[in-house]
Amino acid sequence: ASRSAGRQTTKKKQKKKKRRKSPSQDKEAGSAHFSALFVCLLSLTLIQEVQLKPETKKPVRLFTEEELQRHDGREEGQPILMAVKGVVFDVSKGKEFYGRGAPYNALVGKDSTRAVAKMSLAPEDLTSDTTGLTEEQLESLESVFEGTYKAKYPIVGYTASRILNKDGSPNDDFKPEDQPHFKIRDEF
Ligand code: HEM
C-alpha cells in the first residue's frame with residue numbers, strides 16, 4: 001500500500017510539472033492562436049466570396065425521345081433509362097425489374113410518368129401526360145418518384161419537357177433535382 005501511495009505522489013508531481021509552461025511553450029501557444037485566427041479570417045473571406053458569386057447554373061444533359069428509346073433494355077450492356085416527371089434515371093441496376101423480358105420493361109426507354117402514377121402498364125398510360133390524374137394518383141406519383149426513383153437510381157439528365165418551354169426556348173424556372181447521395185457525373 002505504501003508503494004502505491006508513493007507512486008500517486010510522484011504522479012501528482014508529474015501532473016503539476018505538466019501544467020507549468022516554459023517561455024518557449026508560451027510562444028508556441030501564442031503562434032498557434034495566431035494561426036487559428038488567420039485560418040478563421042481566411043475562411044470568412046472565402047465564404048463571403050462564394051456567397052457573393054451569382055448562382056452558377058451547371059449544364060444538364062437533355063435527352064430526346066429517340067435517345068431515350070435507344071435505352072430500353074434491348075441491348076445487353078447498354079444503360080437502361082427511364083424518365084419520370086421529365087427526369088431521366090439510369091435504372092440499369094434494377095435489371096430484374098426493367099431489363100429485356102422483365103415485368104416492368106414496358107416502362108423504360110420513355111417518360112412513363114402516367115403509368116407510375118396509376119400503377120398501370122396499359123399502353124395508353126406509357127406517357128408523360130398527366131392530364132386528368134386524380135389527387136391520389138398524383139400523391140402516389142410523388143411518393144414513388146421520391147421514394148423509389150430518386151432514392152435508388154442516379155439522375156442522368158432531363159427530357160425537353162422539363163428543360164425547355166413549348167417554343168424550344170430555355171425554361172428559366174428549371175431547377176435540377178437534388179440527389180446528394182449520388183455522384184451524378186460518375187454514373188453515366
Ligand atoms: C399484380 C401486380 C403487381 C405485383 C404483385 C407487384 C409487385 C411488386 C414487387 C414485389 C415489387 C418489388 C418491391 C421491392 O423489392 O422494393 C414491385 C416494385 C415495383 N412495381 Fe410492382 N407489382 C405489381 C404491379 C405493378 C404495376 C402494374 C406497375 C406499373 C407501373 C408496377 C410498378 C412497380 C414499380 C415502379 C416498382 C419499383 C421497382 C424499382 O424498385 O425500381 N407494379 N412490384
# chains A, B, ... in the order shown; residues from 1 in each chain; ligands from 1
$ residues_near_ligand --ligand "ligand 1" --cutoff "12 Å" --atoms "only C-alpha atoms and all ligand atoms" --output "ChimeraX atom specification"
/A:80-84,89-99,102-108,111-123,125-127,137,140-154
$ residues_around --residues "Asp173 of chain A" --least-positions-apart "3" --cutoff "10 Å" --atoms "only C-alpha atoms" --output "list in words"
Arg162, Ile163, Leu164, Asn165, Pro170 and Pro176 of chain A
$ residues_around --residues "Ser161 of chain A" --least-positions-apart "3" --cutoff "10 Å" --atoms "only C-alpha atoms" --output "list in words"
Leu62, Phe63, Thr64, Lys85, Gly86, Val87, Ser128, Tyr158, Leu164, Asn165, Lys166, Gly168 and Asn171 of chain A
$ closest_residue --among "A:Thr131, A:Glu139, A:Ala160, A:Pro79" --to "Glu65 of chain A" --atoms "only C-alpha atoms"
A:Ala160
$ atom_distance --atom1 "atom CA of Asp172 of chain A" --atom2 "atom CA of Thr159 of chain A"
15.0 Å
$ atom_distance --atom1 "atom CA of Val156 of chain A" --atom2 "atom CA of Pro59 of chain A"
11.7 Å
